>>> print(open('data04.csv').read())   # CSV, C-alpha atoms
chain,number,residue,atom,x,y,z
A,143,MET,CA,-4.8,-21.1,13.0
A,144,LEU,CA,-6.7,-24.3,13.4
A,145,SER,CA,-4.5,-25.3,16.3
A,146,ARG,CA,-5.4,-22.0,18.0
A,147,GLY,CA,-9.1,-22.7,17.8
A,148,LEU,CA,-10.3,-21.4,14.4
A,149,THR,CA,-12.5,-23.8,12.6
A,150,THR,CA,-13.3,-24.4,8.9
A,151,THR,CA,-15.8,-26.6,7.1
A,152,ASN,CA,-13.5,-27.0,4.0
A,153,ARG,CA,-9.8,-27.4,4.7
A,154,PRO,CA,-8.7,-27.4,1.0
A,155,ALA,CA,-10.7,-24.2,0.3
A,156,ALA,CA,-9.1,-22.6,3.4
A,157,LEU,CA,-5.6,-23.5,2.2
A,158,ALA,CA,-6.4,-22.1,-1.2
A,159,ALA,CA,-7.7,-18.9,0.3
A,160,LEU,CA,-4.5,-18.5,2.4
A,161,LYS,CA,-2.4,-19.0,-0.7
A,162,ARG,CA,-4.4,-16.5,-2.7
A,163,ILE,CA,-4.7,-13.8,0.0
A,164,GLY,CA,-1.7,-14.4,2.3
A,165,TYR,CA,-1.6,-15.1,6.0
A,166,TYR,CA,-1.0,-11.6,7.3
A,167,PRO,CA,-3.6,-9.8,5.1
A,168,LEU,CA,-6.2,-12.3,6.1
A,169,SER,CA,-5.2,-12.4,9.8
A,170,ALA,CA,-6.5,-8.8,10.1
A,171,TYR,CA,-10.0,-10.1,9.6
A,172,THR,CA,-9.6,-12.9,12.1
A,173,TYR,CA,-8.5,-10.5,14.9
A,174,PRO,CA,-12.1,-9.8,16.2
A,175,PHE,CA,-12.6,-13.5,16.7
A,176,ARG,CA,-9.7,-13.8,19.2
A,177,GLU,CA,-10.1,-14.2,22.9
A,178,PRO,CA,-9.5,-11.2,25.2
A,179,ALA,CA,-6.0,-10.7,26.2
A,180,ARG,CA,-4.6,-12.7,29.1
A,181,ALA,CA,-1.9,-11.7,31.5
A,182,GLU,CA,0.8,-13.3,29.4
A,183,ASP,CA,-0.6,-11.5,26.3
A,184,LEU,CA,-0.5,-8.1,27.9
A,185,ALA,CA,3.1,-8.8,29.1
A,186,ALA,CA,4.0,-9.6,25.5
A,187,GLY,CA,2.4,-6.4,24.3
A,188,ARG,CA,-0.6,-8.1,22.7
A,189,THR,CA,-4.1,-6.6,23.1
A,190,ARG,CA,-5.8,-9.9,22.2
A,191,SER,CA,-5.1,-13.6,22.9
A,192,GLU,CA,-3.4,-15.8,20.3
A,193,TYR,CA,-6.4,-18.1,20.7
A,194,PHE,CA,-9.8,-17.8,19.1
A,195,LYS,CA,-13.2,-17.8,20.7
A,196,ALA,CA,-15.1,-21.0,20.6
A,197,GLY,CA,-17.0,-21.4,17.4
A,198,SER,CA,-14.9,-19.0,15.4
A,199,ARG,CA,-14.9,-19.8,11.7
A,200,LEU,CA,-12.5,-19.0,9.0
A,201,GLU,CA,-15.4,-18.7,6.6
A,202,ASP,CA,-16.6,-15.6,8.6
A,203,ALA,CA,-13.2,-14.0,8.3
A,204,LEU,CA,-13.3,-14.6,4.5
A,205,HIS,CA,-16.7,-13.0,4.4
A,206,LEU,CA,-15.3,-9.9,6.0
A,207,TYR,CA,-12.4,-9.9,3.6
A,208,GLU,CA,-14.6,-10.2,0.5
A,209,PHE,CA,-16.9,-7.4,1.7
A,210,ASP,CA,-13.9,-5.2,2.4
A,211,ARG,CA,-12.5,-5.9,-1.0
A,212,LYS,CA,-15.8,-4.9,-2.7
A,213,LEU,CA,-16.1,-1.8,-0.4
A,214,ARG,CA,-12.7,-0.6,-1.5
A,215,THR,CA,-13.7,-1.0,-5.1
A,216,VAL,CA,-16.9,1.0,-4.9
A,217,LEU,CA,-15.3,3.7,-2.7
A,218,PHE,CA,-12.3,4.1,-5.0
A,219,GLN,CA,-14.7,4.5,-8.0
A,220,ALA,CA,-16.6,7.3,-6.3
A,221,LEU,CA,-13.4,9.0,-5.0
A,222,GLN,CA,-11.9,9.0,-8.5
A,223,ASP,CA,-14.9,10.9,-9.8
A,224,ILE,CA,-14.5,13.4,-7.0
A,225,GLU,CA,-10.8,13.7,-7.7
A,226,VAL,CA,-11.4,14.4,-11.4
A,227,THR,CA,-14.0,17.0,-10.7
A,228,LEU,CA,-11.7,18.7,-8.1
A,229,ALA,CA,-8.9,18.8,-10.8
A,230,THR,CA,-11.3,20.3,-13.3
A,231,ARG,CA,-12.6,23.0,-11.0
A,232,ILE,CA,-9.1,24.0,-9.8
A,233,GLY,CA,-7.9,24.2,-13.4
A,234,TYR,CA,-10.9,26.4,-14.4
A,235,THR,CA,-10.7,28.7,-11.4
A,236,LEU,CA,-7.0,29.3,-11.4
A,237,GLY,CA,-6.9,29.4,-15.2
A,238,LYS,CA,-9.1,32.5,-15.2
A,239,ARG,CA,-6.3,34.3,-13.3
A,240,ALA,CA,-3.3,33.1,-15.3
A,241,GLY,CA,-1.9,30.0,-17.0
A,242,ASP,CA,0.8,29.8,-14.4
A,243,ALA,CA,-1.4,30.8,-11.4
A,244,HIS,CA,-0.3,27.6,-9.6
A,245,LEU,CA,3.3,28.7,-9.7
A,246,ASN,CA,2.9,32.3,-8.9
A,247,ILE,CA,1.9,33.1,-5.3
A,248,GLU,CA,0.5,36.5,-6.5
A,249,HIS,CA,-2.5,34.5,-7.7
A,250,LEU,CA,-2.7,32.4,-4.5
A,251,ASP,CA,-3.0,33.1,-0.8
A,252,ARG,CA,0.4,34.6,0.1
A,253,ALA,CA,0.1,33.9,3.8
A,254,ALA,CA,-0.7,30.3,3.2
A,255,CYS,CA,2.0,29.9,0.6
A,256,GLU,CA,4.7,31.4,2.8
A,257,ARG,CA,3.9,29.3,5.9
A,258,LYS,CA,7.0,27.3,6.9
A,259,THR,CA,7.0,23.5,6.9
A,260,ARG,CA,9.0,21.1,9.0
A,261,ASP,CA,11.6,21.1,6.2
A,262,ARG,CA,12.1,24.8,6.5
A,263,LEU,CA,10.6,25.3,3.1
A,264,THR,CA,7.6,27.5,2.5
A,265,ALA,CA,4.3,25.6,1.9
A,266,HIS,CA,4.4,26.6,-1.7
A,267,GLN,CA,8.0,25.5,-2.2
A,268,ALA,CA,7.1,22.1,-0.7
A,269,TRP,CA,4.1,21.9,-3.0
A,270,GLN,CA,6.2,22.8,-6.0
A,271,GLN,CA,8.7,20.0,-5.2
A,272,ARG,CA,5.8,17.5,-5.4
A,273,PHE,CA,4.4,19.1,-8.5
A,274,GLU,CA,7.8,19.0,-10.3
A,275,LYS,CA,8.1,15.3,-9.5
A,276,LEU,CA,4.7,14.5,-10.9
A,277,ARG,CA,5.4,16.5,-14.0
A,278,LYS,CA,8.7,14.6,-14.5
A,279,ASP,CA,6.9,11.3,-14.1
A,280,ALA,CA,4.3,12.4,-16.7
A,281,ARG,CA,6.8,13.5,-19.3
A,282,GLU,CA,5.9,10.6,-21.6
A,283,GLU,CA,2.2,11.6,-21.7
A,284,GLU,CA,1.3,12.9,-25.1
A,285,TYR,CA,-0.3,16.1,-23.8
A,286,VAL,CA,2.9,16.9,-21.8
A,287,LYS,CA,5.2,16.2,-24.7
A,288,HIS,CA,3.0,18.5,-26.8
A,289,HIS,CA,3.6,21.4,-24.4
A,290,LEU,CA,7.3,20.6,-24.0
A,291,LEU,CA,7.6,20.7,-27.8
A,292,HIS,CA,5.4,23.7,-28.7
A,293,TYR,CA,5.3,25.9,-25.6
A,294,LYS,CA,8.9,25.6,-24.3
A,295,GLY,CA,7.8,23.4,-21.4
A,296,GLU,CA,5.2,25.7,-20.1
A,297,ILE,CA,2.2,23.7,-18.9
A,298,PRO,CA,-0.8,25.8,-18.0
A,299,ILE,CA,-2.8,25.0,-14.9
A,300,TRP,CA,-5.8,23.6,-16.8
A,301,VAL,CA,-3.4,21.0,-18.4
A,302,ALA,CA,-1.2,20.5,-15.3
A,303,THR,CA,-4.1,19.2,-13.2
A,304,GLY,CA,-4.1,16.2,-15.5
A,305,PHE,CA,-1.0,14.7,-13.9
A,306,MET,CA,-1.5,16.0,-10.3
A,307,ASP,CA,-2.6,13.3,-7.9
A,308,PHE,CA,-5.3,13.7,-5.3
A,309,GLY,CA,-2.9,14.8,-2.6
A,310,CYS,CA,-1.2,17.4,-4.8
A,311,LEU,CA,-4.6,18.8,-5.8
A,312,VAL,CA,-5.8,19.1,-2.2
A,313,ARG,CA,-2.6,20.8,-1.1
A,314,LEU,CA,-2.9,23.3,-4.0
A,315,TYR,CA,-6.5,23.9,-3.0
A,316,SER,CA,-5.3,24.9,0.5
A,317,LEU,CA,-2.9,27.4,-1.1
A,318,MET,CA,-5.6,29.2,-3.2
A,319,ASN,CA,-7.0,32.5,-2.1
A,320,THR,CA,-10.1,32.7,0.0
A,321,ARG,CA,-12.4,33.8,-2.8
A,322,ASP,CA,-11.3,31.0,-5.1
A,323,ARG,CA,-11.6,28.3,-2.4
A,324,LYS,CA,-15.1,29.5,-1.5
A,325,LYS,CA,-16.1,29.4,-5.2
A,326,ILE,CA,-15.0,25.7,-5.5
A,327,ALA,CA,-16.6,24.9,-2.1
A,328,SER,CA,-19.9,26.3,-3.3
A,329,GLU,CA,-19.6,24.1,-6.4
A,330,PHE,CA,-19.2,21.1,-4.1
A,331,GLY,CA,-22.4,22.1,-2.3
A,332,LEU,CA,-21.0,24.0,0.7
A,333,ALA,CA,-22.1,27.5,1.7
A,334,GLY,CA,-20.6,30.4,3.6
A,335,ASN,CA,-17.2,29.7,5.0
A,336,GLY,CA,-17.3,26.0,3.9
A,337,SER,CA,-14.0,26.1,2.2
A,338,GLN,CA,-12.0,25.1,5.3
A,339,ASP,CA,-14.5,22.2,5.9
A,340,LEU,CA,-14.1,21.1,2.3
A,341,TYR,CA,-10.3,21.1,2.7
A,342,GLN,CA,-10.5,18.9,5.8
A,343,TRP,CA,-12.9,16.6,4.1
A,344,LEU,CA,-10.7,16.3,1.0
A,345,ARG,CA,-7.6,15.7,3.1
A,346,ALA,CA,-9.3,12.8,5.0
A,347,LEU,CA,-10.7,11.4,1.7
A,348,ASN,CA,-7.2,11.5,0.2
A,349,ILE,CA,-6.1,9.1,2.9
A,350,LEU,CA,-9.1,6.9,2.3
A,351,ARG,CA,-8.4,6.9,-1.4
A,352,ASN,CA,-4.8,5.8,-0.8
A,353,ASN,CA,-6.0,3.0,1.5
A,354,CYS,CA,-8.4,1.8,-1.2
A,355,ALA,CA,-5.7,2.0,-3.9
A,356,HIS,CA,-3.2,0.0,-1.8
A,357,ASN,CA,-5.7,-2.6,-0.7
A,358,ASN,CA,-5.5,-1.7,2.9
A,359,ARG,CA,-8.3,-2.7,5.2
A,360,ILE,CA,-11.2,-0.3,5.3
A,361,TRP,CA,-13.7,-2.4,7.3
A,362,ASN,CA,-13.7,-1.5,11.0
A,363,ARG,CA,-10.9,1.0,10.4
A,364,ALA,CA,-10.5,4.0,12.8
A,365,THR,CA,-10.1,7.4,11.1
A,366,VAL,CA,-7.1,9.4,12.2
A,367,ASN,CA,-8.1,13.0,12.8
A,368,PRO,CA,-11.7,12.7,11.7
A,369,PRO,CA,-13.2,15.8,10.2
A,370,ARG,CA,-14.5,18.2,12.8
A,371,LYS,CA,-18.1,19.1,13.3
A,372,PHE,CA,-19.3,21.8,10.9
A,373,SER,CA,-21.7,24.7,11.1
A,374,LEU,CA,-25.3,23.7,10.0
A,375,HIS,CA,-25.2,26.8,7.8
A,376,VAL,CA,-22.3,25.4,5.8
A,377,ALA,CA,-23.5,21.9,4.9
A,378,PRO,CA,-26.9,20.9,3.7
A,379,PRO,CA,-29.4,19.0,5.9
A,380,VAL,CA,-28.4,15.6,4.4
A,381,LEU,CA,-25.2,15.8,6.3
A,382,HIS,CA,-26.4,17.2,9.6
A,383,HIS,CA,-26.7,13.8,11.2
A,384,LEU,CA,-22.9,13.6,11.2
A,385,ASN,CA,-22.8,16.2,13.9
A,386,ASP,CA,-25.0,14.1,16.1
A,387,LEU,CA,-22.6,11.1,16.0
A,388,ASP,CA,-20.8,10.4,19.3
A,389,ASN,CA,-17.0,10.5,19.3
A,390,ASP,CA,-16.6,6.8,19.0
A,391,ARG,CA,-18.8,6.7,15.8
A,392,ARG,CA,-17.1,9.8,14.4
A,393,GLN,CA,-13.8,8.0,14.4
A,394,LYS,CA,-15.2,5.1,12.4
A,395,ILE,CA,-15.2,5.0,8.6
A,396,TYR,CA,-18.9,5.8,8.2
A,397,THR,CA,-18.2,9.6,8.4
A,398,LEU,CA,-15.9,9.4,5.4
A,399,ILE,CA,-18.3,7.1,3.5
A,400,ALA,CA,-21.1,9.6,4.1
A,401,LEU,CA,-18.9,12.5,2.9
A,402,THR,CA,-18.0,10.5,-0.2
A,403,ALA,CA,-21.7,9.9,-0.9
A,404,PHE,CA,-22.5,13.6,-0.5
A,405,LEU,CA,-19.7,14.9,-2.7
A,406,HIS,CA,-20.2,12.3,-5.3
A,407,ARG,CA,-23.9,13.1,-5.6
A,408,THR,CA,-22.9,16.8,-6.0
A,409,VAL,CA,-20.4,16.2,-8.8
A,410,ASP,CA,-22.6,13.6,-10.6
A,411,PRO,CA,-26.4,14.0,-9.8
A,412,THR,CA,-27.2,11.3,-12.4
A,413,CYS,CA,-25.3,8.6,-10.6
A,414,HIS,CA,-27.0,6.5,-7.9
A,415,TRP,CA,-23.9,5.6,-5.9
A,416,SER,CA,-25.4,6.8,-2.6
A,417,GLN,CA,-28.9,5.4,-3.4
A,418,SER,CA,-28.0,2.1,-4.9
A,419,THR,CA,-24.4,1.1,-5.2
A,420,LEU,CA,-23.3,1.5,-1.5
A,421,PRO,CA,-26.7,0.4,0.1
A,422,THR,CA,-26.8,-2.7,-2.1
A,423,LEU,CA,-23.3,-3.7,-1.0
A,424,ALA,CA,-24.1,-3.0,2.6
A,425,LYS,CA,-27.2,-5.1,2.5
A,426,LYS,CA,-25.1,-8.1,1.4
A,427,PHE,CA,-22.9,-7.7,4.5
A,428,GLY,CA,-25.7,-8.5,6.9
A,429,SER,CA,-24.3,-9.8,10.2
A,430,VAL,CA,-21.1,-11.8,10.7
A,431,ALA,CA,-20.8,-13.4,14.1
A,432,GLY,CA,-22.8,-10.5,15.6
A,433,MET,CA,-20.8,-7.9,13.8
A,434,THR,CA,-22.8,-5.4,11.7
A,435,LEU,CA,-22.0,-2.1,9.9
A,436,GLU,CA,-23.6,-0.3,12.9
A,437,ASN,CA,-21.4,-1.8,15.6
A,438,THR,CA,-18.1,-2.0,13.6
A,439,MET,CA,-18.1,0.8,11.1
A,440,GLY,CA,-20.1,3.6,12.9
A,441,PHE,CA,-23.2,3.5,10.7
A,442,PRO,CA,-26.1,5.0,12.5
A,443,THR,CA,-28.9,2.6,13.5
A,444,ASN,CA,-31.3,4.1,11.1
A,445,TRP,CA,-28.9,5.0,8.4
A,446,ARG,CA,-30.9,3.5,5.5
A,447,ASP,CA,-33.8,5.9,6.3
A,448,LEU,CA,-31.6,9.0,6.2
A,449,ASP,CA,-32.1,11.4,3.2
A,450,LEU,CA,-28.4,10.9,2.2
A,451,TRP,CA,-29.2,7.3,1.3
A,452,SER,CA,-32.8,7.7,0.2
A,453,ARG,CA,-33.8,7.2,-3.4
A,454,GLU,CA,-36.4,10.0,-3.1
A,455,SER,CA,-34.0,12.7,-1.8
>>> encode(input="data04.csv", output="structure tokens")
Amino acid sequence: MLSRGLTTTNRPAALAALKRIGYYPLSAYTYPFREPARAEDLAAGRTRSEYFKAGSRLEDALHLYEFDRKLRTVLFQALQDIEVTLATRIGYTLGKRAGDAHLNIEHLDRAACERKTRDRLTAHQAWQQRFEKLRKDAREEEYVKHHLLHYKGEIPIWVATGFMDFGCLVRLYSLMNTRDRKKIASEFGLAGNGSQDLYQWLRALNILRNNCAHNNRIWNRATVNPPRKFSLHVAPPVLHHLNDLDNDRRQKIYTLIALTAFLHRTVDPTCHWSQSTLPTLAKKFGSVAGMTLENTMGFPTNWRDLDLWSRES
């Protein structure tokens, strides 16, 4: 890295960082410091040169890495809270219909459940395969063993949500009938036909949650299939600015961070994640070699003044 133009003020510390983090995980944070691609780079399929811009410092890349590590931590914390609340509300809502409502399409949306997947299974059959695997994996949990022993293995929905992962919960939500989905959407702060918007949000946040859990880069990451624009009658005013973002910003991670902030504030109004935790971390990022949250992660220029991030809202 040094031979290709990257500099460091402390070679022993740089070597220690490489041993601790690894070359390839760290190299993702050095990529923005590389020179534009030359003809030989393009011929080799590279979009950037192997050489670094003059003045590029390893310490700046390490700053990006540390910020990203802390960002994953605070996002994962908030997403876990959202996941737990989603599990609870699905359990309560379906539980009012029947203990086995998750297994019986009579209590779900038949059309959604019978939709065919690429594996030629119905959507509900595919979901059940995932559910059964998670139940098998949880067989040593005390609450699962209790039901296996005393209830012939029948695990009611309000118990089963305890071993479902985020993806399994989101897929089950998509199979619930319209009335139940709307009820849960309203409990998450969406009105009218907001259940489809909530499903899209949760599906995107599940990917974000998995990236956080597996230590994948979040900083400057593009969002695959970002949530679509929503009706202003569905979402409250604190989210309306998302509809004003241009396509480039919508594909950045800010949209998902904003949705996380909104949903977390809804499930736990006493927590100050959106007013304190995230803004405090963002303030520490500052500017790295001209890179800011605004020009790398899609944050609006005036984002700190928006009601979503305001202490008074």
>>> residues_around(input="data04.csv", residues="range 329-331 of chain A", least_positions_apart="6", cutoff="10 Å", atoms="only C-alpha atoms", output="PyMOL selection string")
chain A and resi 224+227-228+231+323+337+340+376-378+404-409
>>> write_last_selection(input="data04.csv", atoms="C-alpha atoms", output="PDB file, in the coordinates of the input")
ATOM      1  CA  ILE A 224     -14.500  13.400  -7.000  1.00  0.00           C
ATOM      2  CA  THR A 227     -14.000  17.000 -10.700  1.00  0.00           C
ATOM      3  CA  LEU A 228     -11.700  18.700  -8.100  1.00  0.00           C
ATOM      4  CA  ARG A 231     -12.600  23.000 -11.000  1.00  0.00           C
ATOM      5  CA  ARG A 323     -11.600  28.300  -2.400  1.00  0.00           C
ATOM      6  CA  SER A 337     -14.000  26.100   2.200  1.00  0.00           C
ATOM      7  CA  LEU A 340     -14.100  21.100   2.300  1.00  0.00           C
ATOM      8  CA  VAL A 376     -22.300  25.400   5.800  1.00  0.00           C
ATOM      9  CA  ALA A 377     -23.500  21.900   4.900  1.00  0.00           C
ATOM     10  CA  PRO A 378     -26.900  20.900   3.700  1.00  0.00           C
ATOM     11  CA  PHE A 404     -22.500  13.600  -0.500  1.00  0.00           C
ATOM     12  CA  LEU A 405     -19.700  14.900  -2.700  1.00  0.00           C
ATOM     13  CA  HIS A 406     -20.200  12.300  -5.300  1.00  0.00           C
ATOM     14  CA  ARG A 407     -23.900  13.100  -5.600  1.00  0.00           C
ATOM     15  CA  THR A 408     -22.900  16.800  -6.000  1.00  0.00           C
ATOM     16  CA  VAL A 409     -20.400  16.200  -8.800  1.00  0.00           C
TER      17      VAL A 409
END
>>> atom_distance(input="data04.csv", atom1="CA of Cys255 in chain A", atom2="CA of Gln342 in chain A")
17.4 Å
>>> residues_around(input="data04.csv", residues="Pro167 in chain A", least_positions_apart="6", cutoff="10 Å", atoms="only C-alpha atoms", output="list in words")
Leu160, Tyr207, Asn357, Asn358 and Arg359 of chain A
>>> residues_around(input="data04.csv", residues="range 391-399 of chain A", least_positions_apart="4", cutoff="8 Å", atoms="all atoms listed in the file", output="VMD selection string")
chain A and resid 217 343 346 to 347 350 360 to 368 384 387 403 438 to 441
>>> residues_around(input="data04.csv", residues="range 303-307 of chain A", least_positions_apart="5", cutoff="10 Å", atoms="only C-alpha atoms", output="PDB file with C-alpha atoms, in the coordinates of the input")
ATOM      1  CA  GLU A 225     -10.800  13.700  -7.700  1.00  0.00           C
ATOM      2  CA  VAL A 226     -11.400  14.400 -11.400  1.00  0.00           C
ATOM      3  CA  LEU A 228     -11.700  18.700  -8.100  1.00  0.00           C
ATOM      4  CA  ALA A 229      -8.900  18.800 -10.800  1.00  0.00           C
ATOM      5  CA  THR A 230     -11.300  20.300 -13.300  1.00  0.00           C
ATOM      6  CA  ARG A 231     -12.600  23.000 -11.000  1.00  0.00           C
ATOM      7  CA  ILE A 232      -9.100  24.000  -9.800  1.00  0.00           C
ATOM      8  CA  GLY A 233      -7.900  24.200 -13.400  1.00  0.00           C
ATOM      9  CA  TYR A 234     -10.900  26.400 -14.400  1.00  0.00           C
ATOM     10  CA  HIS A 244      -0.300  27.600  -9.600  1.00  0.00           C
ATOM     11  CA  ARG A 272       5.800  17.500  -5.400  1.00  0.00           C
ATOM     12  CA  PHE A 273       4.400  19.100  -8.500  1.00  0.00           C
ATOM     13  CA  GLU A 274       7.800  19.000 -10.300  1.00  0.00           C
ATOM     14  CA  LYS A 275       8.100  15.300  -9.500  1.00  0.00           C
ATOM     15  CA  LEU A 276       4.700  14.500 -10.900  1.00  0.00           C
ATOM     16  CA  ARG A 277       5.400  16.500 -14.000  1.00  0.00           C
ATOM     17  CA  LYS A 278       8.700  14.600 -14.500  1.00  0.00           C
ATOM     18  CA  ASP A 279       6.900  11.300 -14.100  1.00  0.00           C
ATOM     19  CA  ALA A 280       4.300  12.400 -16.700  1.00  0.00           C
ATOM     20  CA  ARG A 281       6.800  13.500 -19.300  1.00  0.00           C
ATOM     21  CA  GLU A 283       2.200  11.600 -21.700  1.00  0.00           C
ATOM     22  CA  TYR A 285      -0.300  16.100 -23.800  1.00  0.00           C
ATOM     23  CA  VAL A 286       2.900  16.900 -21.800  1.00  0.00           C
ATOM     24  CA  ILE A 297       2.200  23.700 -18.900  1.00  0.00           C
ATOM     25  CA  PRO A 298      -0.800  25.800 -18.000  1.00  0.00           C
ATOM     26  CA  VAL A 312      -5.800  19.100  -2.200  1.00  0.00           C
ATOM     27  CA  LEU A 314      -2.900  23.300  -4.000  1.00  0.00           C
ATOM     28  CA  ASN A 348      -7.200  11.500   0.200  1.00  0.00           C
TER      29      ASN A 348
END
>>> residues_near_point(input="data04.csv", point="(-13.0, -12.8, 23.6)", cutoff="10 Å", atoms="all atoms listed in the file", output="NGL selection string")
:A and (174-179 or 190-191 or 193-196)
>>> write_last_selection(input="data04.csv", atoms="C-alpha atoms", output="short mmCIF file (atom, residue, chain, number, x, y, z; two decimals), in the frame of the given file")
data_model
loop_
_atom_site.label_atom_id
_atom_site.label_comp_id
_atom_site.auth_asym_id
_atom_site.auth_seq_id
_atom_site.Cartn_x
_atom_site.Cartn_y
_atom_site.Cartn_z
CA PRO A 174 -12.10 -9.80 16.20
CA PHE A 175 -12.60 -13.50 16.70
CA ARG A 176 -9.70 -13.80 19.20
CA GLU A 177 -10.10 -14.20 22.90
CA PRO A 178 -9.50 -11.20 25.20
CA ALA A 179 -6.00 -10.70 26.20
CA ARG A 190 -5.80 -9.90 22.20
CA SER A 191 -5.10 -13.60 22.90
CA TYR A 193 -6.40 -18.10 20.70
CA PHE A 194 -9.80 -17.80 19.10
CA LYS A 195 -13.20 -17.80 20.70
CA ALA A 196 -15.10 -21.00 20.60
#
>>> closest_residue(input="data04.csv", among="A:Ala220, A:Val301, A:Leu245, A:Ala333", to="Leu374 in chain A", atoms="only C-alpha atoms")
A:Ala333
>>> atom_distance(input="data04.csv", atom1="CA of Trp300 in chain A", atom2="CA of Gly241 in chain A")
7.5 Å
>>> closest_residue(input="data04.csv", among="A:Ile163, A:Leu250, A:Met143, A:Leu204", to="Thr235 in chain A", atoms="all atoms listed in the file")
A:Leu250
>>> atom_distance(input="data04.csv", atom1="CA of Cys310 in chain A", atom2="CA of Cys413 in chain A")
26.3 Å
